[in-house]
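Chemist: My structure is in structure-v3.json, and what it holds is JSON, C-alpha atoms:
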[["chain", "number", "residue", "atom", "x", "y", "z"],
["A", 27, "MET", "CA", -41.08, -65.10, 175.91],
["A", 28, "ALA", "CA", -37.39, -64.23, 175.60],
["A", 29, "TYR", "CA", -35.65, -60.87, 175.29],
["A", 30, "TYR", "CA", -32.30, -59.97, 173.80],
["A", 31, "THR", "CA", -30.86, -56.47, 174.06],
["A", 32, "SER", "CA", -27.64, -55.22, 172.52],
["A", 33, "ARG", "CA", -26.05, -51.99, 171.37],
["A", 34, "ASN", "CA", -24.16, -53.87, 168.67],
["A", 35, "SER", "CA", -25.40, -54.20, 165.11],
["A", 36, "PHE", "CA", -27.84, -56.88, 164.04],
["A", 37, "LEU", "CA", -25.19, -58.48, 161.84],
["A", 38, "ASN", "CA", -22.71, -58.75, 164.74],
["A", 39, "GLU", "CA", -25.37, -60.25, 167.00],
["A", 40, "LEU", "CA", -26.89, -62.52, 164.34],
["A", 41, "PRO", "CA", -25.19, -65.76, 165.53],
["A", 42, "GLU", "CA", -26.46, -65.28, 169.10],
["A", 43, "ILE", "CA", -29.93, -64.25, 167.92],
["A", 44, "SER", "CA", -30.07, -67.26, 165.62],
["A", 45, "ASN", "CA", -29.07, -69.57, 168.49],
["A", 46, "MET", "CA", -31.82, -68.13, 170.71],
["A", 47, "ILE", "CA", -34.42, -68.62, 167.99],
["A", 48, "GLU", "CA", -33.26, -72.21, 167.54],
["A", 49, "GLU", "CA", -33.54, -72.81, 171.29],
["A", 50, "TYR", "CA", -36.90, -71.13, 171.98],
["A", 51, "LYS", "CA", -38.53, -71.71, 168.57],
["A", 52, "PRO", "CA", -40.73, -68.59, 168.65],
["A", 53, "VAL", "CA", -43.61, -68.07, 166.26],
["A", 54, "VAL", "CA", -42.73, -64.40, 165.88],
["A", 55, "VAL", "CA", -39.59, -62.32, 166.48],
["A", 56, "PHE", "CA", -39.70, -58.54, 167.03],
["A", 57, "ILE", "CA", -36.78, -56.33, 166.05],
["A", 58, "ASP", "CA", -37.05, -52.89, 167.65],
["A", 59, "ASN", "CA", -36.07, -50.89, 165.72],
["A", 60, "PHE", "CA", -34.64, -50.85, 162.19],
["A", 61, "ARG", "CA", -32.43, -47.80, 162.68],
["A", 62, "LEU", "CA", -30.73, -49.14, 165.81],
["A", 63, "ALA", "CA", -30.37, -52.66, 164.45],
["A", 64, "PHE", "CA", -28.67, -51.43, 161.28],
["A", 65, "LEU", "CA", -26.69, -48.41, 162.46],
["A", 66, "GLU", "CA", -23.87, -49.26, 160.07],
["A", 67, "SER", "CA", -26.24, -48.98, 157.08],
["A", 68, "ASP", "CA", -27.29, -45.81, 155.28],
["A", 69, "GLY", "CA", -31.05, -45.91, 155.84],
["A", 70, "ASN", "CA", -31.64, -43.74, 152.77],
["A", 71, "SER", "CA", -29.71, -46.01, 150.40],
["A", 72, "ASN", "CA", -31.90, -48.56, 148.63],
["A", 73, "LYS", "CA", -28.89, -50.81, 148.11],
["A", 74, "GLU", "CA", -27.81, -50.83, 151.77],
["A", 75, "VAL", "CA", -31.37, -51.16, 153.09],
["A", 76, "ALA", "CA", -31.97, -54.08, 150.69],
["A", 77, "GLN", "CA", -28.85, -55.79, 152.08],
["A", 78, "ALA", "CA", -30.12, -55.26, 155.63],
["A", 79, "MET", "CA", -33.56, -56.58, 154.73],
["A", 80, "ASN", "CA", -32.01, -59.66, 153.14],
["A", 81, "GLN", "CA", -30.35, -60.47, 156.48],
["A", 82, "VAL", "CA", -33.75, -60.32, 158.17],
["A", 83, "LEU", "CA", -35.43, -62.39, 155.44],
["A", 84, "SER", "CA", -32.67, -65.01, 155.60],
["A", 85, "LEU", "CA", -33.20, -65.35, 159.36],
["A", 86, "ARG", "CA", -36.94, -65.75, 158.79],
["A", 87, "ASP", "CA", -36.44, -68.44, 156.16],
["A", 88, "LEU", "CA", -33.82, -70.30, 158.19],
["A", 89, "HIS", "CA", -36.04, -70.62, 161.26],
["A", 90, "ASN", "CA", -39.48, -70.60, 159.58],
["A", 91, "CYS", "CA", -40.82, -67.84, 161.82],
["A", 92, "SER", "CA", -42.42, -64.44, 161.32],
["A", 93, "ILE", "CA", -40.39, -61.32, 161.95],
["A", 94, "VAL", "CA", -41.87, -57.94, 162.83],
["A", 95, "LEU", "CA", -39.41, -55.18, 162.03],
["A", 96, "ILE", "CA", -40.40, -52.00, 163.86],
["A", 97, "ASP", "CA", -39.64, -48.66, 162.26],
["A", 98, "HIS", "CA", -40.74, -45.03, 162.54],
["A", 99, "THR", "CA", -42.57, -42.71, 160.19],
["A", 100, "ARG", "CA", -40.87, -39.73, 158.60],
["A", 101, "LYS", "CA", -40.91, -36.42, 160.42],
["A", 102, "ASN", "CA", -43.75, -33.97, 159.76],
["A", 103, "THR", "CA", -46.19, -36.64, 158.55],
["A", 104, "ARG", "CA", -48.73, -36.20, 161.36],
["A", 105, "GLY", "CA", -51.16, -34.56, 158.96],
["A", 106, "LEU", "CA", -51.07, -37.35, 156.36],
["A", 107, "THR", "CA", -53.11, -40.51, 156.17],
["A", 108, "THR", "CA", -51.26, -43.79, 156.25],
["A", 109, "GLU", "CA", -49.40, -44.96, 153.17],
["A", 110, "SER", "CA", -46.15, -46.90, 152.77],
["A", 111, "ASP", "CA", -44.27, -43.76, 151.77],
["A", 112, "LEU", "CA", -44.72, -42.39, 155.30],
["A", 113, "GLN", "CA", -41.89, -44.68, 156.35],
["A", 114, "SER", "CA", -38.52, -43.16, 157.02],
["A", 115, "GLY", "CA", -35.62, -44.11, 154.78],
["A", 116, "ALA", "CA", -35.36, -46.01, 151.53],
["A", 117, "GLY", "CA", -38.34, -47.55, 149.77],
["A", 118, "SER", "CA", -36.67, -50.95, 149.36],
["A", 119, "LYS", "CA", -37.55, -51.65, 152.99],
["A", 120, "SER", "CA", -41.23, -51.64, 152.11],
["A", 121, "ASP", "CA", -40.65, -53.38, 148.78],
["A", 122, "LEU", "CA", -39.02, -56.40, 150.44],
["A", 123, "ALA", "CA", -41.44, -56.71, 153.37],
["A", 124, "ASP", "CA", -44.45, -59.02, 153.14],
["A", 125, "GLY", "CA", -46.64, -56.36, 154.72],
["A", 126, "ASP", "CA", -46.68, -52.79, 156.01],
["A", 127, "TYR", "CA", -48.68, -52.06, 159.16],
["A", 128, "PHE", "CA", -48.96, -48.66, 160.80],
["A", 129, "LEU", "CA", -49.90, -48.11, 164.45],
["A", 130, "ARG", "CA", -50.75, -44.48, 165.17],
["A", 131, "ARG", "CA", -52.26, -42.49, 168.00],
["A", 132, "SER", "CA", -55.89, -41.45, 167.83],
["A", 133, "SER", "CA", -56.85, -37.88, 168.67],
["A", 134, "LYS", "CA", -60.07, -39.12, 170.30],
["A", 135, "SER", "CA", -58.58, -40.90, 173.33],
["A", 136, "GLU", "CA", -55.17, -41.44, 174.90],
["A", 137, "SER", "CA", -55.80, -45.20, 174.96],
["A", 138, "PHE", "CA", -56.90, -45.43, 171.30],
["A", 139, "ARG", "CA", -54.61, -46.46, 168.44],
["A", 140, "ILE", "CA", -55.33, -46.74, 164.73],
["A", 141, "LEU", "CA", -54.03, -49.89, 163.02],
["A", 142, "LYS", "CA", -53.81, -49.65, 159.24],
["A", 143, "ARG", "CA", -52.42, -52.20, 156.81],
["A", 144, "SER", "CA", -51.17, -50.43, 153.72],
["A", 145, "LYS", "CA", -49.67, -53.47, 151.98],
["A", 146, "SER", "CA", -49.80, -57.25, 152.23],
["A", 147, "ARG", "CA", -48.67, -60.04, 149.95],
["A", 148, "ASN", "CA", -51.02, -62.46, 151.72],
["A", 149, "CYS", "CA", -54.44, -60.78, 151.75],
["A", 150, "ALA", "CA", -56.60, -58.23, 149.97],
["A", 151, "ASP", "CA", -56.08, -54.48, 150.32],
["A", 152, "GLN", "CA", -57.57, -52.97, 153.46],
["A", 153, "VAL", "CA", -60.12, -50.18, 153.25],
["A", 154, "GLY", "CA", -60.20, -47.96, 156.31],
["A", 155, "ALA", "CA", -58.49, -48.91, 159.58],
["A", 156, "LYS", "CA", -59.10, -50.76, 162.84],
["A", 157, "LEU", "CA", -59.54, -48.90, 166.11],
["A", 158, "LEU", "CA", -57.66, -50.48, 169.02],
["A", 159, "ASN", "CA", -58.02, -49.72, 172.72],
["A", 160, "PHE", "CA", -55.18, -50.24, 175.19],
["A", 161, "ASN", "CA", -56.13, -52.43, 178.15],
["A", 162, "PRO", "CA", -53.98, -51.44, 181.17],
["A", 163, "ASP", "CA", -54.79, -54.72, 182.96],
["A", 164, "SER", "CA", -53.59, -57.03, 180.20],
["A", 165, "LEU", "CA", -51.07, -54.51, 178.77],
["A", 166, "TRP", "CA", -52.45, -55.40, 175.34],
["A", 167, "PHE", "CA", -54.56, -53.75, 172.67],
["A", 168, "GLU", "CA", -58.13, -54.93, 172.10],
["A", 169, "VAL", "CA", -60.21, -54.26, 168.98],
["A", 170, "GLU", "CA", -62.65, -51.44, 169.68],
["A", 171, "GLU", "CA", -64.03, -51.18, 166.13],
["A", 172, "GLU", "CA", -63.29, -53.27, 163.03],
["A", 173, "PHE", "CA", -63.63, -50.32, 160.66],
["A", 174, "VAL", "CA", -63.08, -46.62, 161.25],
["A", 175, "GLU", "CA", -62.32, -43.72, 158.95],
["A", 176, "GLU", "CA", -58.68, -43.01, 159.71],
["A", 177, "ALA", "CA", -58.73, -39.25, 159.09],
["A", 178, "SER", "CA", -61.36, -38.67, 161.78],
["A", 179, "HIS", "CA", -58.93, -40.05, 164.40],
["A", 180, "LEU", "CA", -55.79, -38.19, 163.40],
["A", 181, "GLY", "CA", -56.89, -34.68, 164.32],
["A", 182, "GLU", "CA", -57.06, -31.51, 162.27],
["A", 183, "GLY", "CA", -55.41, -30.97, 158.93],
["A", 184, "ILE", "CA", -55.44, -34.58, 157.76],
["A", 185, "THR", "CA", -54.78, -34.99, 154.06],
["A", 186, "VAL", "CA", -56.88, -37.65, 152.33],
["A", 187, "ASN", "CA", -56.94, -37.86, 148.55],
["A", 188, "THR", "CA", -60.29, -38.03, 146.76],
["A", 189, "ASP", "CA", -59.88, -41.62, 145.59],
["A", 190, "GLU", "CA", -59.31, -42.76, 149.17],
["A", 191, "LYS", "CA", -62.32, -40.77, 150.38],
["A", 192, "ARG", "CA", -64.45, -42.35, 147.66],
["A", 193, "GLU", "CA", -63.41, -45.89, 148.63],
["A", 194, "ILE", "CA", -63.99, -45.23, 152.33],
["A", 195, "ALA", "CA", -67.38, -43.65, 151.60],
["A", 196, "LYS", "CA", -68.44, -46.69, 149.55],
["A", 197, "HIS", "CA", -67.38, -49.01, 152.35],
["A", 198, "LEU", "CA", -69.27, -46.97, 154.96],
["A", 199, "TYR", "CA", -72.39, -46.89, 152.78],
["A", 200, "ALA", "CA", -72.22, -50.64, 152.14],
["A", 201, "ASN", "CA", -72.07, -51.15, 155.91],
["A", 202, "GLY", "CA", -75.24, -49.19, 156.60],
["A", 203, "GLN", "CA", -74.05, -45.61, 157.05],
["A", 204, "THR", "CA", -76.33, -42.97, 155.53],
["A", 205, "MET", "CA", -75.12, -40.28, 153.15],
["A", 206, "GLU", "CA", -75.77, -37.72, 155.91],
["A", 207, "GLN", "CA", -73.50, -39.63, 158.30],
["A", 208, "ILE", "CA", -70.79, -40.02, 155.67],
["A", 209, "SER", "CA", -70.93, -36.32, 154.75],
["A", 210, "SER", "CA", -70.51, -35.52, 158.46],
["A", 211, "VAL", "CA", -67.41, -37.74, 158.72],
["A", 212, "PHE", "CA", -65.67, -35.98, 155.83],
["A", 213, "GLY", "CA", -67.12, -32.52, 156.40],
["A", 214, "VAL", "CA", -68.46, -32.33, 152.84],
["A", 215, "ALA", "CA", -71.87, -31.74, 151.32],
["A", 216, "LYS", "CA", -74.30, -34.62, 150.85],
["A", 217, "SER", "CA", -74.19, -33.96, 147.09],
["A", 218, "THR", "CA", -70.43, -34.64, 147.14],
["A", 219, "VAL", "CA", -70.99, -37.98, 148.87],
["A", 220, "SER", "CA", -73.70, -38.74, 146.32],
["A", 221, "ARG", "CA", -71.20, -38.15, 143.49],
["A", 222, "TRP", "CA", -68.65, -40.41, 145.20],
["A", 223, "LEU", "CA", -71.26, -43.14, 145.49],
["A", 224, "LYS", "CA", -72.77, -42.36, 142.07],
["A", 225, "ILE", "CA", -76.22, -42.25, 143.64],
["A", 226, "ASN", "CA", -78.86, -39.85, 142.31]]
If you convert what's in this file into structure tokens, what do you get?
Modeler:
Amino acid sequence: MAYYTSRNSFLNELPEISNMIEEYKPVVVFIDNFRLAFLESDGNSNKEVAQAMNQVLSLRDLHNCSIVLIDHTRKNTRGLTTESDLQSGAGSKSDLADGDYFLRRSSKSESFRILKRSKSRNCADQVGAKLLNFNPDSLWFEVEEEFVEEASHLGEGITVNTDEKREIAKHLYANGQTMEQISSVFGVAKSTVSRWLKIN
């Protein structure tokens, strides 16, 4: 594993970064974070963000490696479930990426994180989210549960639209959850869950 830290822009450091990738031949490169790497770009301009993303994509194609570009969500989005429009800045960032993944804190435990894929060019849409647990010995996250209902881990006041609730409810029911359990997760009546599932 190799590290490279700089306060200069990604474009200025690109030759050195490219040389390091050529030398170490990594499978994946992490850029942390978009705002610092592209300080000279207007993060709210689709045109400038698209130009920045093209630099990243060109590096990926040149070295045939994956690149994880870390970014932050917009302010005051704690009460919203995960969607691509939670990202800060211009939408072209998401448009040009192969996938959008969100890692968020769980309200149920300090060591828990919710991992949600909101977009991927390479696999089917994800319903629900994965629950990860931080292992202090390995300093890595381990999968605690393959499927959890995201809203139940983000605390009070979470906004989930009805279509998303319906899809999550169907998934839970297909995986053995009863209507009583599903109604408890969402805090709605059993009759509401029945309508979502279209079960009489």
Chemist: Could you pull out every residue with an atom within 9 Å of (-63.9, -43.9, 161.7), file coordinates, counting all atoms listed in the file, and send them as a ChimeraX atom specification?
Modeler: /A:154-157,171,173-179,211
Chemist: Just the residues within 7 Å of Thr99 in chain A, please, counting only C-alpha atoms, with nothing from its chain fewer than 3 positions along; format it as a list of chain:residue names.
Modeler: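 Selected residues are A:Leu112, A:Gln113, A:Ser114.
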Chemist: Go ahead and save the residues from that selection, with C-alpha atoms, as a PDB file, keeping the file's coordinate frame.
Modeler:
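Written output follows (part.pdb):
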ATOM      1  CA  LEU A 112     -44.720 -42.390 155.300  1.00  0.00           C
ATOM      2  CA  GLN A 113     -41.890 -44.680 156.350  1.00  0.00           C
ATOM      3  CA  SER A 114     -38.520 -43.160 157.020  1.00  0.00           C
TER       4      SER A 114
END
Chemist: To one decimal place, how far is CA of Gly115 in chain A from CA of Glu74 in chain A in Å?
Modeler: 10.7 Å
Chemist: With a distance cut-off of 10 Å and only C-alpha atoms, select the neighbouring residues of Leu40 in chain A, excluding the residue or stretch itself and same-chain residues fewer than 5 positions from it, and output the selection as a PyMOL selection string.
Modeler: chain A and resi 35+45-46+81-82+85
Chemist: Assuming 3 Å of padding per side, give the centre and edge lengths of the axis-aligned box around every listed atom of range 167-177 of chain A, in Å to one decimal and as lines of an AutoDock Vina configuration file.
Modeler:
center_x = -59.3
center_y = -47.1
center_z = 165.8
size_x = 15.5
size_y = 21.7
size_z = 19.7
Chemist: In Å, rounded to a single decimal, give me how far CA of Leu95 in chain A is from CA of Ser32 in chain A.
Modeler: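 Interatomic distance, CA of Ser32 in chain A to CA of Leu95 in chain A: 15.8 Å.
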